[in-house]
$ cat protein23.csv   # CSV, C-alpha atoms
chain,number,residue,atom,x,y,z
S,8,MET,CA,-19.4,-65.5,91.4
S,9,THR,CA,-21.3,-62.5,90.1
S,10,LEU,CA,-25.0,-61.8,90.6
S,11,GLY,CA,-25.6,-62.7,87.0
S,12,GLN,CA,-23.7,-66.0,87.3
S,13,ARG,CA,-25.7,-66.9,90.4
S,14,ILE,CA,-29.0,-66.2,88.6
S,15,GLN,CA,-27.8,-68.4,85.7
S,16,GLN,CA,-26.8,-71.1,88.1
S,17,ILE,CA,-30.3,-71.2,89.7
S,18,ARG,CA,-31.9,-71.3,86.3
S,19,ILE,CA,-29.8,-74.1,85.0
S,20,GLU,CA,-30.2,-76.1,88.2
S,21,HIS,CA,-33.9,-76.1,87.6
S,22,ASN,CA,-33.5,-77.1,83.9
S,23,LEU,CA,-35.2,-73.9,82.7
S,24,SER,CA,-34.5,-72.0,79.5
S,25,GLN,CA,-34.2,-68.2,79.8
S,26,GLU,CA,-37.7,-67.9,78.4
S,27,GLU,CA,-39.2,-70.3,80.9
S,28,PHE,CA,-37.3,-68.7,83.8
S,29,ALA,CA,-38.6,-65.3,82.6
S,30,ALA,CA,-42.2,-66.5,82.5
S,31,LYS,CA,-42.0,-67.6,86.1
S,32,LEU,CA,-40.8,-64.1,87.1
S,33,GLY,CA,-43.2,-62.1,84.9
S,34,THR,CA,-40.4,-60.6,82.8
S,35,THR,CA,-38.8,-61.1,79.4
S,36,ARG,CA,-36.2,-63.5,78.1
S,37,GLN,CA,-34.1,-60.5,77.1
S,38,SER,CA,-34.1,-59.2,80.7
S,39,VAL,CA,-32.9,-62.5,82.0
S,40,SER,CA,-30.2,-62.6,79.4
S,41,ARG,CA,-29.0,-59.1,80.5
S,42,TRP,CA,-29.0,-60.1,84.1
S,43,GLU,CA,-26.9,-63.2,83.5
S,44,LEU,CA,-24.4,-61.2,81.5
S,45,ASP,CA,-24.3,-58.6,84.3
S,46,GLN,CA,-25.4,-55.9,81.9
S,47,THR,CA,-28.3,-54.9,84.1
S,48,TYR,CA,-29.5,-55.9,87.6
S,49,PRO,CA,-33.0,-57.2,88.6
S,50,GLU,CA,-35.3,-55.2,90.8
S,51,ILE,CA,-35.3,-56.2,94.5
S,52,SER,CA,-38.9,-57.5,94.0
S,53,LYS,CA,-37.5,-59.9,91.4
S,54,ILE,CA,-34.7,-61.1,93.8
S,55,VAL,CA,-37.4,-61.8,96.4
S,56,LEU,CA,-39.5,-63.6,93.8
S,57,ILE,CA,-36.5,-65.8,92.8
S,58,SER,CA,-35.9,-66.5,96.5
S,59,LYS,CA,-39.5,-67.7,97.0
S,60,ILE,CA,-40.0,-69.6,93.8
S,61,PHE,CA,-36.6,-71.5,93.9
S,62,SER,CA,-36.2,-71.9,97.7
S,63,VAL,CA,-33.0,-70.0,98.0
S,64,SER,CA,-32.1,-67.2,100.4
S,65,THR,CA,-32.0,-63.7,99.1
S,66,ASP,CA,-28.5,-63.4,100.5
S,67,SER,CA,-27.4,-66.2,98.3
S,68,VAL,CA,-28.5,-64.3,95.3
S,69,LEU,CA,-27.5,-60.7,96.3
S,70,LYS,CA,-24.2,-61.0,98.1
S,71,ASN,CA,-21.8,-62.5,95.5
S,72,GLY,CA,-23.7,-65.7,95.1
S,73,ILE,CA,-22.9,-68.9,96.9
S,74,SER,CA,-20.1,-67.5,99.1
S,75,THR,CA,-22.5,-65.7,101.5
S,76,PHE,CA,-25.7,-67.7,101.8
S,77,ASP,CA,-25.4,-68.7,105.4
S,78,THR,CA,-23.0,-67.0,107.8
S,79,GLU,CA,-23.5,-69.6,110.5
S,80,VAL,CA,-22.2,-72.5,108.4
S,81,GLU,CA,-18.7,-73.0,107.0
S,82,HIS,CA,-18.8,-72.3,103.3
S,83,PHE,CA,-17.4,-74.6,100.7
S,84,THR,CA,-14.9,-73.9,98.0
S,85,CYS,CA,-14.5,-76.4,95.1
S,86,GLY,CA,-11.6,-78.6,95.8
S,87,VAL,CA,-10.2,-81.9,97.0
S,88,TYR,CA,-9.6,-82.4,100.7
S,89,ARG,CA,-7.8,-85.3,102.4
S,90,GLY,CA,-7.5,-86.7,105.9
S,91,ALA,CA,-5.8,-89.9,107.2
S,92,LYS,CA,-8.9,-92.1,106.5
S,93,SER,CA,-10.9,-90.2,103.9
S,94,GLU,CA,-11.0,-87.9,100.9
S,95,ILE,CA,-13.6,-85.3,100.0
S,96,VAL,CA,-14.2,-83.7,96.6
S,97,GLU,CA,-16.6,-80.8,96.7
S,98,THR,CA,-18.3,-78.8,93.9
S,99,ASP,CA,-21.2,-76.4,93.7
S,100,LYS,CA,-23.7,-79.3,93.3
S,101,PHE,CA,-22.0,-82.4,94.7
S,102,VAL,CA,-19.9,-83.7,97.6
S,103,LEU,CA,-18.2,-87.1,97.1
S,104,VAL,CA,-16.7,-88.7,100.3
S,105,ILE,CA,-14.6,-91.8,100.1
S,106,TYR,CA,-13.4,-93.3,103.3
S,107,SER,CA,-12.1,-96.3,105.3
S,108,SER,CA,-12.4,-97.5,108.8
S,109,TYR,CA,-9.3,-97.5,111.1
S,110,ASP,CA,-8.7,-101.2,110.5
S,111,LYS,CA,-9.5,-100.8,106.8
S,112,ASN,CA,-12.2,-103.5,107.1
S,113,ILE,CA,-14.8,-101.1,105.8
S,114,LEU,CA,-14.4,-99.1,102.6
S,115,GLY,CA,-17.1,-96.7,101.6
S,116,ALA,CA,-18.3,-94.0,99.2
S,117,ARG,CA,-21.0,-91.4,99.8
S,118,LEU,CA,-22.4,-88.9,97.3
S,119,TYR,CA,-24.3,-85.8,98.4
S,120,LYS,CA,-26.3,-83.6,96.0
S,121,GLY,CA,-27.9,-80.2,96.3
S,122,PHE,CA,-27.1,-76.5,96.4
S,123,GLU,CA,-25.3,-74.4,99.0
S,124,ASN,CA,-25.1,-76.1,102.4
S,125,LYS,CA,-28.2,-78.1,101.8
S,126,LYS,CA,-26.7,-81.1,100.1
S,127,ARG,CA,-28.4,-84.5,100.9
S,128,LEU,CA,-27.1,-88.0,100.6
S,129,VAL,CA,-28.3,-89.6,97.3
S,130,ALA,CA,-26.0,-92.6,97.1
S,131,VAL,CA,-23.9,-94.7,99.5
S,132,CYS,CA,-21.9,-97.9,99.1
S,133,GLU,CA,-19.9,-99.8,101.7
S,134,ARG,CA,-17.7,-102.9,101.4
S,135,ASN,CA,-17.1,-105.0,104.5
S,136,ILE,CA,-13.8,-106.8,103.6
S,137,ALA,CA,-13.8,-109.1,106.6
S,138,GLU,CA,-17.3,-110.3,105.9
S,139,GLU,CA,-17.0,-110.2,102.1
S,140,ARG,CA,-20.2,-108.2,101.8
S,141,THR,CA,-20.9,-105.1,99.7
S,142,GLU,CA,-24.0,-103.0,100.4
S,143,PHE,CA,-25.5,-100.1,98.6
S,144,ALA,CA,-28.5,-97.7,98.4
S,145,TYR,CA,-29.3,-94.8,96.1
S,146,SER,CA,-32.2,-92.4,95.4
S,147,VAL,CA,-33.9,-92.5,92.0
S,148,GLU,CA,-34.1,-89.1,90.3
S,149,ASP,CA,-37.3,-87.8,88.6
S,150,SER,CA,-39.7,-89.9,90.5
S,151,ASP,CA,-41.2,-90.1,94.0
S,152,PRO,CA,-38.7,-88.4,96.3
S,153,TYR,CA,-38.7,-91.5,98.5
S,154,ALA,CA,-38.0,-93.9,95.7
S,155,ASN,CA,-34.7,-95.7,96.0
S,156,VAL,CA,-32.8,-98.9,95.1
S,157,SER,CA,-31.0,-100.8,97.8
S,158,ASN,CA,-29.8,-104.1,99.1
S,159,SER,CA,-29.4,-102.8,102.6
S,160,GLU,CA,-32.0,-101.5,105.0
S,161,ARG,CA,-29.3,-100.0,107.1
S,162,LEU,CA,-27.9,-97.9,104.3
S,163,LYS,CA,-31.3,-97.1,102.9
S,164,LYS,CA,-32.2,-95.3,106.2
S,165,CYS,CA,-29.2,-93.0,105.6
S,166,LEU,CA,-30.5,-91.6,102.3
S,167,THR,CA,-31.4,-87.9,102.5
S,168,GLU,CA,-29.1,-87.3,105.5
S,169,ALA,CA,-27.5,-83.8,105.4
S,170,TYR,CA,-23.9,-83.2,104.5
S,171,ASP,CA,-21.9,-81.6,107.3
S,172,PRO,CA,-19.3,-79.2,105.8
S,173,SER,CA,-17.4,-78.9,109.0
S,174,VAL,CA,-15.9,-82.4,108.6
S,175,LYS,CA,-13.2,-81.1,106.4
S,176,ARG,CA,-11.9,-78.4,108.8
S,177,SER,CA,-8.9,-80.6,109.8
S,178,MET,CA,-8.2,-81.9,106.3
S,179,ARG,CA,-5.5,-80.7,103.8
S,180,ARG,CA,-6.7,-79.3,100.6
S,181,LEU,CA,-4.9,-81.0,97.7
S,182,GLU,CA,-6.5,-79.3,94.7
S,183,TYR,CA,-8.3,-76.1,93.9
S,184,PHE,CA,-10.7,-75.6,91.0
S,185,GLU,CA,-14.0,-73.8,90.3
S,186,VAL,CA,-17.1,-74.3,88.3
S,187,ASP,CA,-17.0,-72.6,84.9
S,188,HIS,CA,-20.2,-70.6,84.7
S,189,ASP,CA,-19.6,-68.7,81.5
S,190,GLY,CA,-21.0,-71.4,79.2
S,191,SER,CA,-18.5,-70.8,76.4
S,192,PRO,CA,-18.1,-73.8,74.1
S,193,LEU,CA,-15.2,-76.2,74.6
S,194,PRO,CA,-12.4,-76.0,72.0
S,195,THR,CA,-12.1,-78.6,69.2
S,196,VAL,CA,-8.9,-80.6,68.6
S,197,LYS,CA,-8.0,-78.4,65.6
S,198,GLU,CA,-8.3,-75.3,67.8
S,199,ALA,CA,-6.4,-76.5,70.9
S,200,GLY,CA,-4.7,-79.9,70.2
S,201,ILE,CA,-5.2,-83.3,71.8
S,202,PRO,CA,-3.5,-82.7,75.2
S,203,LYS,CA,-5.4,-79.5,75.9
S,204,CYS,CA,-8.7,-81.0,74.7
S,205,LEU,CA,-8.3,-84.1,76.9
S,206,THR,CA,-7.7,-81.8,79.9
S,207,LEU,CA,-10.6,-79.5,79.2
S,208,TRP,CA,-13.2,-82.0,78.0
S,209,ARG,CA,-12.5,-84.2,81.1
S,210,MET,CA,-12.7,-81.4,83.7
S,211,ALA,CA,-16.4,-82.0,84.5
S,212,ASP,CA,-18.9,-84.1,86.4
S,213,SER,CA,-21.9,-86.1,85.3
S,214,TYR,CA,-24.8,-87.6,87.2
S,215,PHE,CA,-27.4,-90.2,86.3
S,216,SER,CA,-29.8,-92.2,88.4
S,217,SER,CA,-32.6,-94.6,87.5
S,218,TYR,CA,-34.0,-97.9,88.7
S,219,ASP,CA,-31.6,-99.8,86.4
S,220,ARG,CA,-28.4,-97.8,87.0
S,221,PHE,CA,-26.6,-95.2,89.0
S,222,ASN,CA,-23.5,-93.4,87.8
S,223,PHE,CA,-21.4,-90.5,88.9
S,224,TYR,CA,-18.2,-89.3,87.3
S,225,LEU,CA,-16.0,-86.4,88.3
S,226,CYS,CA,-12.6,-85.3,87.0
S,227,THR,CA,-10.7,-82.3,88.4
S,228,GLY,CA,-8.1,-82.5,85.6
S,229,LYS,CA,-5.7,-84.9,87.2
S,230,THR,CA,-7.9,-86.8,89.6
S,231,GLU,CA,-10.8,-89.0,88.4
S,232,TYR,CA,-13.6,-90.3,90.6
S,233,VAL,CA,-16.1,-92.9,89.5
S,234,PHE,CA,-19.1,-94.2,91.5
S,235,SER,CA,-21.4,-96.6,89.7
S,236,ILE,CA,-24.0,-99.2,90.6
S,237,ASP,CA,-25.8,-101.7,88.4
S,238,PRO,CA,-28.3,-103.3,90.8
S,239,LYS,CA,-29.3,-106.0,88.4
S,240,ASP,CA,-25.9,-107.8,88.6
S,241,THR,CA,-24.8,-106.2,91.9
S,242,ASN,CA,-22.1,-104.6,89.8
S,243,ILE,CA,-20.5,-101.9,91.9
S,244,TYR,CA,-17.5,-99.8,91.2
S,245,CYS,CA,-16.1,-96.9,93.2
S,246,GLY,CA,-12.7,-95.7,92.2
S,247,ALA,CA,-10.3,-92.7,92.6
S,248,SER,CA,-7.2,-92.4,90.5
S,249,TYR,CA,-4.6,-90.0,89.1
S,250,ASN,CA,-5.0,-90.0,85.3
S,251,ILE,CA,-2.7,-87.4,83.9
S,252,VAL,CA,-2.7,-86.0,80.4
S,253,PHE,CA,0.5,-86.2,78.3
S,254,ASP,CA,1.2,-85.5,74.6
S,255,LEU,CA,-0.4,-88.7,73.2
S,256,GLY,CA,-2.9,-89.8,75.8
S,257,LEU,CA,-3.5,-90.4,79.5
S,258,PHE,CA,-1.1,-91.8,82.1
S,259,SER,CA,-2.8,-93.7,85.0
S,260,GLY,CA,-0.2,-93.0,87.7
S,261,GLY,CA,-2.1,-94.8,90.5
S,262,GLN,CA,-5.5,-95.8,91.8
S,263,PHE,CA,-5.5,-95.1,95.5
S,264,PHE,CA,-9.2,-96.1,96.2
S,265,ARG,CA,-11.1,-99.0,94.8
S,266,ILE,CA,-14.3,-100.9,95.6
S,267,ARG,CA,-15.0,-103.4,92.8
S,268,ASN,CA,-17.8,-105.9,93.3
S,269,TYR,CA,-19.4,-108.1,90.7
S,270,LYS,CA,-21.8,-110.8,91.8
S,271,ASP,CA,-19.6,-113.3,93.6
S,272,ASN,CA,-16.4,-111.2,93.3
S,273,SER,CA,-14.8,-113.8,91.0
S,274,GLU,CA,-14.0,-111.4,88.2
S,275,LYS,CA,-10.2,-110.8,87.9
S,276,TRP,CA,-10.5,-107.0,88.3
S,277,THR,CA,-12.3,-107.4,91.6
S,278,ARG,CA,-10.3,-105.5,94.2
S,279,PHE,CA,-10.8,-103.6,97.4
S,280,PHE,CA,-8.2,-101.2,98.7
S,281,CYS,CA,-7.3,-97.6,99.7
S,282,ASP,CA,-4.2,-95.6,100.3
S,283,PHE,CA,-4.8,-92.0,101.3
S,284,SER,CA,-1.1,-91.3,101.6
S,285,TYR,CA,-0.5,-91.6,97.9
S,286,GLU,CA,-0.3,-88.4,95.9
S,287,ALA,CA,0.0,-87.3,92.3
S,288,GLY,CA,3.2,-85.4,93.0
S,289,GLU,CA,5.0,-88.7,93.2
S,290,ILE,CA,4.2,-89.5,89.5
S,291,ASN,CA,6.7,-89.3,86.7
S,292,ILE,CA,5.3,-90.0,83.2
S,293,PRO,CA,7.5,-92.3,81.1
S,294,THR,CA,6.4,-90.8,77.8
S,295,ASP,CA,9.2,-92.3,75.7
S,296,GLN,CA,7.4,-95.7,75.9
S,297,CYS,CA,4.1,-94.5,74.3
S,298,GLU,CA,3.0,-95.9,71.0
S,299,LEU,CA,-0.1,-94.7,69.2
S,300,GLY,CA,-3.1,-97.0,69.6
S,301,LYS,CA,-1.5,-99.0,72.4
S,302,CYS,CA,-2.2,-99.6,76.1
S,303,ILE,CA,1.2,-100.0,77.7
S,304,GLN,CA,1.9,-101.3,81.2
S,305,THR,CA,5.0,-99.7,82.8
S,306,SER,CA,6.5,-100.1,86.2
S,307,LYS,CA,4.9,-96.8,87.2
S,308,GLY,CA,1.5,-97.2,85.8
S,309,LEU,CA,-0.7,-97.6,82.6
S,310,MET,CA,-0.4,-95.5,79.5
S,311,TRP,CA,-3.5,-95.2,77.3
S,312,CYS,CA,-2.4,-93.8,74.0
S,313,VAL,CA,-4.6,-92.2,71.3
S,314,LYS,CA,-6.2,-94.7,69.0
S,315,ARG,CA,-8.1,-92.3,66.8
S,316,TYR,CA,-9.5,-88.8,67.0
S,317,SER,CA,-11.6,-86.2,65.2
S,318,ASP,CA,-12.3,-82.5,66.0
S,319,ASP,CA,-15.0,-83.5,68.5
S,320,GLU,CA,-13.9,-87.0,69.7
S,321,ILE,CA,-10.7,-88.6,71.1
S,322,VAL,CA,-10.5,-92.3,71.6
S,323,LEU,CA,-7.8,-93.9,73.7
S,324,GLN,CA,-6.8,-97.6,73.7
S,325,GLY,CA,-7.6,-99.1,77.0
S,326,CYS,CA,-6.7,-102.6,78.4
S,327,GLY,CA,-7.6,-105.5,76.1
S,328,ASP,CA,-10.5,-104.5,73.9
S,329,ASP,CA,-11.5,-101.5,76.1
S,330,GLU,CA,-11.6,-98.0,74.5
S,331,TYR,CA,-11.9,-94.7,76.4
S,332,THR,CA,-13.9,-92.2,74.5
S,333,TYR,CA,-14.0,-88.5,75.3
S,334,ARG,CA,-16.4,-86.2,73.3
S,335,ARG,CA,-16.4,-82.5,73.2
S,336,GLU,CA,-20.2,-82.4,73.5
S,337,ASP,CA,-20.7,-85.1,76.1
S,338,LYS,CA,-23.5,-84.2,78.6
S,339,ARG,CA,-22.0,-82.6,81.7
S,340,THR,CA,-23.6,-81.5,84.9
S,341,GLU,CA,-20.9,-79.0,85.7
S,342,GLN,CA,-17.8,-77.9,83.8
S,343,PHE,CA,-14.6,-77.0,85.8
S,344,LYS,CA,-11.6,-74.8,85.3
S,345,SER,CA,-8.3,-74.6,87.3
S,346,LEU,CA,-7.5,-71.8,89.6
$ encode --input "protein23.csv" --output "structure tokens"
Amino acid sequence: MTLGQRIQQIRIEHNLSQEEFAAKLGTTRQSVSRWELDQTYPEISKIVLISKIFSVSTDSVLKNGISTFDTEVEHFTCGVYRGAKSEIVETDKFVLVIYSSYDKNILGARLYKGFENKKRLVAVCERNIAEERTEFAYSVEDSDPYANVSNSERLKKCLTEAYDPSVKRSMRRLEYFEVDHDGSPLPTVKEAGIPKCLTLWRMADSYFSSYDRFNFYLCTGKTEYVFSIDPKDTNIYCGASYNIVFDLGLFSGGQFFRIRNYKDNSEKWTRFFCDFSYEAGEINIPTDQCELGKCIQTSKGLMWCVKRYSDDEIVLQGCGDDEYTYRREDKRTEQFKSL
């Protein structure tokens, strides 16, 4: 990451326009624009001011951005890491941990949010399969920092705990990717075609938290992670699956982690399981069975085929009456690209 990209990252994290960012630093919007494009560099006094105003270290701004902010802590690289009982997906702004206990009686998901090595727990869910109990807690954004929604005092006490990046030292890295900081617009279907657009439009994450609903989505290109909670109906879903693009849609080659809880768990899609030995490399896509506008169950997985599309929207046919809609201009927290 360049110095300009790091400055842009700090500005976007604080939801500031270039003009608003410039006003805080006593400079002009044009100067901020030139910094972010790496056409010029800010004075040392401005770097110090950025550090003070936005609570980041000067090292994190000066020495090639996020890779040098703290020499005493293991630095993160965007990717997916797997151990025998857990999987971690890590980006600039988030860390999602999905895990099971050794006897698989407990399945859990934890989401950490923040910058650098200062990420804090903002959502947690655990399913006790033996006791048939699902508990959750999450922080509410844009309100009192201690505001939260929870059905568990135990998990509520865990909120704001710090993420320990050393936990992945003994884990294998399954995927590499990075955050796309250049801000260029995503291609239209006319420009790139359906398969390319399905790949690029999905490679992102999104985060939303309110008293009524919590939702986190992340897709690395082939692996999709969903963590959502609707507290009103105790509707909880945590899932990780390999959904791979092919010519006419998406192939769901396997869901290896799932916590699905709805009220009394009587819904037919209610399931609880994990298999951290399953990998996308084992998947072969039976594309010859695809039909436009169909959802097809094969012996190897589900095929969601294109139902309709425009330059800026692709709709796939899901199971039953479900539709999966992907839009070029959907709100994203981070956009990713493959390495």
$ closest_residue --input "protein23.csv" --among "S:Gly200, S:Gly121, S:Gly33, S:Gly190" --to "Tyr170 of chain S" --atoms "all atoms listed in the file"
S:Gly121
$ residues_around --input "protein23.csv" --residues "segment 26-30 of chain S" --least-positions-apart "4" --cutoff "10 Å" --atoms "only C-alpha atoms" --output "JSON, numbers by chain"
{"S": [14, 15, 17, 18, 19, 21, 22, 34, 35, 36, 37, 38, 39, 40, 57]}
$ residues_around --input "protein23.csv" --residues "Trp276 of chain S" --least-positions-apart "4" --cutoff "12 Å" --atoms "only C-alpha atoms" --output "mmCIF file with C-alpha atoms, in the frame of the given file"
data_model
loop_
_atom_site.group_PDB
_atom_site.id
_atom_site.type_symbol
_atom_site.label_atom_id
_atom_site.label_comp_id
_atom_site.auth_asym_id
_atom_site.auth_seq_id
_atom_site.Cartn_x
_atom_site.Cartn_y
_atom_site.Cartn_z
ATOM 1 C CA ASN S 242 -22.100 -104.600 89.800
ATOM 2 C CA ILE S 243 -20.500 -101.900 91.900
ATOM 3 C CA TYR S 244 -17.500 -99.800 91.200
ATOM 4 C CA ARG S 265 -11.100 -99.000 94.800
ATOM 5 C CA ILE S 266 -14.300 -100.900 95.600
ATOM 6 C CA ARG S 267 -15.000 -103.400 92.800
ATOM 7 C CA ASN S 268 -17.800 -105.900 93.300
ATOM 8 C CA TYR S 269 -19.400 -108.100 90.700
ATOM 9 C CA ASN S 272 -16.400 -111.200 93.300
ATOM 10 C CA CYS S 326 -6.700 -102.600 78.400
#
$ residues_around --input "protein23.csv" --residues "segment 103-120 of chain S" --least-positions-apart "5" --cutoff "8 Å" --atoms "all atoms listed in the file" --output "MDAnalysis selection string"
chainID S and resid 92:97 126:137 169:170 234 245 264 266 279:281
$ atom_distance --input "protein23.csv" --atom1 "atom CA of Ala154 of chain S" --atom2 "atom CA of Pro238 of chain S"
14.4 Å
$ closest_residue --input "protein23.csv" --among "S:Ser213, S:Ser24, S:Thr47, S:Thr332" --to "Gly256 of chain S" --atoms "only C-alpha atoms"
S:Thr332
$ closest_residue --input "protein23.csv" --among "S:Gln262, S:Ser157, S:Gln342, S:Thr9" --to "Tyr218 of chain S" --atoms "all atoms listed in the file"
S:Ser157
$ residues_around --input "protein23.csv" --residues "Gln324 of chain S" --least-positions-apart "3" --cutoff "8 Å" --atoms "all atoms listed in the file" --output "number ranges by chain"
S: 300-302, 311-314, 328-331
$ atom_distance --input "protein23.csv" --atom1 "atom CA of Glu298 of chain S" --atom2 "atom CA of Leu207 of chain S"
22.8 Å
$ residues_around --input "protein23.csv" --residues "Asn155 of chain S" --least-positions-apart "5" --cutoff "8 Å" --atoms "all atoms listed in the file" --output "ChimeraX atom specification"
/S:144-147,163,218
$ build_atoms --input "protein23.csv" --residues "segment 303-323 of chain S" --atoms "N, CA and C atoms" --output "PDB file, in the frame of the given file"
ATOM      1  N   ILE S 303      -0.070 -99.490  77.337  1.00  0.00           N
ATOM      2  CA  ILE S 303       1.200-100.000  77.700  1.00  0.00           C
ATOM      3  C   ILE S 303       1.336-100.015  79.264  1.00  0.00           C
ATOM      4  N   GLN S 304       1.701-101.158  79.788  1.00  0.00           N
ATOM      5  CA  GLN S 304       1.900-101.300  81.200  1.00  0.00           C
ATOM      6  C   GLN S 304       3.402-101.005  81.511  1.00  0.00           C
ATOM      7  N   THR S 305       3.634-100.028  82.372  1.00  0.00           N
ATOM      8  CA  THR S 305       5.000 -99.700  82.800  1.00  0.00           C
ATOM      9  C   THR S 305       5.124 -99.997  84.276  1.00  0.00           C
ATOM     10  N   SER S 306       6.328 -99.875  84.785  1.00  0.00           N
ATOM     11  CA  SER S 306       6.500-100.100  86.200  1.00  0.00           C
ATOM     12  C   SER S 306       5.898 -99.019  87.060  1.00  0.00           C
ATOM     13  N   LYS S 307       5.515 -97.901  86.422  1.00  0.00           N
ATOM     14  CA  LYS S 307       4.900 -96.800  87.200  1.00  0.00           C
ATOM     15  C   LYS S 307       3.460 -96.588  86.931  1.00  0.00           C
ATOM     16  N   GLY S 308       2.893 -97.363  86.009  1.00  0.00           N
ATOM     17  CA  GLY S 308       1.500 -97.200  85.800  1.00  0.00           C
ATOM     18  C   GLY S 308       1.105 -97.617  84.337  1.00  0.00           C
ATOM     19  N   LEU S 309      -0.141 -97.298  83.945  1.00  0.00           N
ATOM     20  CA  LEU S 309      -0.700 -97.600  82.600  1.00  0.00           C
ATOM     21  C   LEU S 309      -0.668 -96.404  81.727  1.00  0.00           C
ATOM     22  N   MET S 310      -0.357 -96.611  80.450  1.00  0.00           N
ATOM     23  CA  MET S 310      -0.400 -95.500  79.500  1.00  0.00           C
ATOM     24  C   MET S 310      -1.486 -95.901  78.433  1.00  0.00           C
ATOM     25  N   TRP S 311      -2.520 -95.048  78.319  1.00  0.00           N
ATOM     26  CA  TRP S 311      -3.500 -95.200  77.300  1.00  0.00           C
ATOM     27  C   TRP S 311      -3.284 -94.232  76.201  1.00  0.00           C
ATOM     28  N   CYS S 312      -2.872 -94.706  75.059  1.00  0.00           N
ATOM     29  CA  CYS S 312      -2.400 -93.800  74.000  1.00  0.00           C
ATOM     30  C   CYS S 312      -3.575 -93.628  72.961  1.00  0.00           C
ATOM     31  N   VAL S 313      -3.510 -92.521  72.220  1.00  0.00           N
ATOM     32  CA  VAL S 313      -4.600 -92.200  71.300  1.00  0.00           C
ATOM     33  C   VAL S 313      -4.685 -93.234  70.183  1.00  0.00           C
ATOM     34  N   LYS S 314      -5.897 -93.721  70.014  1.00  0.00           N
ATOM     35  CA  LYS S 314      -6.200 -94.700  69.000  1.00  0.00           C
ATOM     36  C   LYS S 314      -6.703 -94.054  67.709  1.00  0.00           C
ATOM     37  N   ARG S 315      -7.608 -93.116  67.874  1.00  0.00           N
ATOM     38  CA  ARG S 315      -8.100 -92.300  66.800  1.00  0.00           C
ATOM     39  C   ARG S 315      -8.751 -91.045  67.331  1.00  0.00           C
ATOM     40  N   TYR S 316      -8.935 -90.060  66.483  1.00  0.00           N
ATOM     41  CA  TYR S 316      -9.500 -88.800  67.000  1.00  0.00           C
ATOM     42  C   TYR S 316     -10.126 -88.036  65.792  1.00  0.00           C
ATOM     43  N   SER S 317     -11.040 -87.136  66.128  1.00  0.00           N
ATOM     44  CA  SER S 317     -11.600 -86.200  65.200  1.00  0.00           C
ATOM     45  C   SER S 317     -11.596 -84.825  65.899  1.00  0.00           C
ATOM     46  N   ASP S 318     -12.176 -83.825  65.305  1.00  0.00           N
ATOM     47  CA  ASP S 318     -12.300 -82.500  66.000  1.00  0.00           C
ATOM     48  C   ASP S 318     -13.048 -82.576  67.269  1.00  0.00           C
ATOM     49  N   ASP S 319     -14.027 -83.496  67.330  1.00  0.00           N
ATOM     50  CA  ASP S 319     -15.000 -83.500  68.500  1.00  0.00           C
ATOM     51  C   ASP S 319     -14.894 -84.805  69.276  1.00  0.00           C
ATOM     52  N   GLU S 320     -13.945 -85.693  68.985  1.00  0.00           N
ATOM     53  CA  GLU S 320     -13.900 -87.000  69.700  1.00  0.00           C
ATOM     54  C   GLU S 320     -12.432 -87.452  69.775  1.00  0.00           C
ATOM     55  N   ILE S 321     -12.051 -87.953  70.945  1.00  0.00           N
ATOM     56  CA  ILE S 321     -10.700 -88.600  71.100  1.00  0.00           C
ATOM     57  C   ILE S 321     -10.940 -89.945  71.728  1.00  0.00           C
ATOM     58  N   VAL S 322     -10.390 -90.974  71.078  1.00  0.00           N
ATOM     59  CA  VAL S 322     -10.500 -92.300  71.600  1.00  0.00           C
ATOM     60  C   VAL S 322      -9.150 -92.861  71.955  1.00  0.00           C
ATOM     61  N   LEU S 323      -9.035 -93.328  73.198  1.00  0.00           N
ATOM     62  CA  LEU S 323      -7.800 -93.900  73.700  1.00  0.00           C
ATOM     63  C   LEU S 323      -7.927 -95.422  73.758  1.00  0.00           C
TER      64      LEU S 323
END
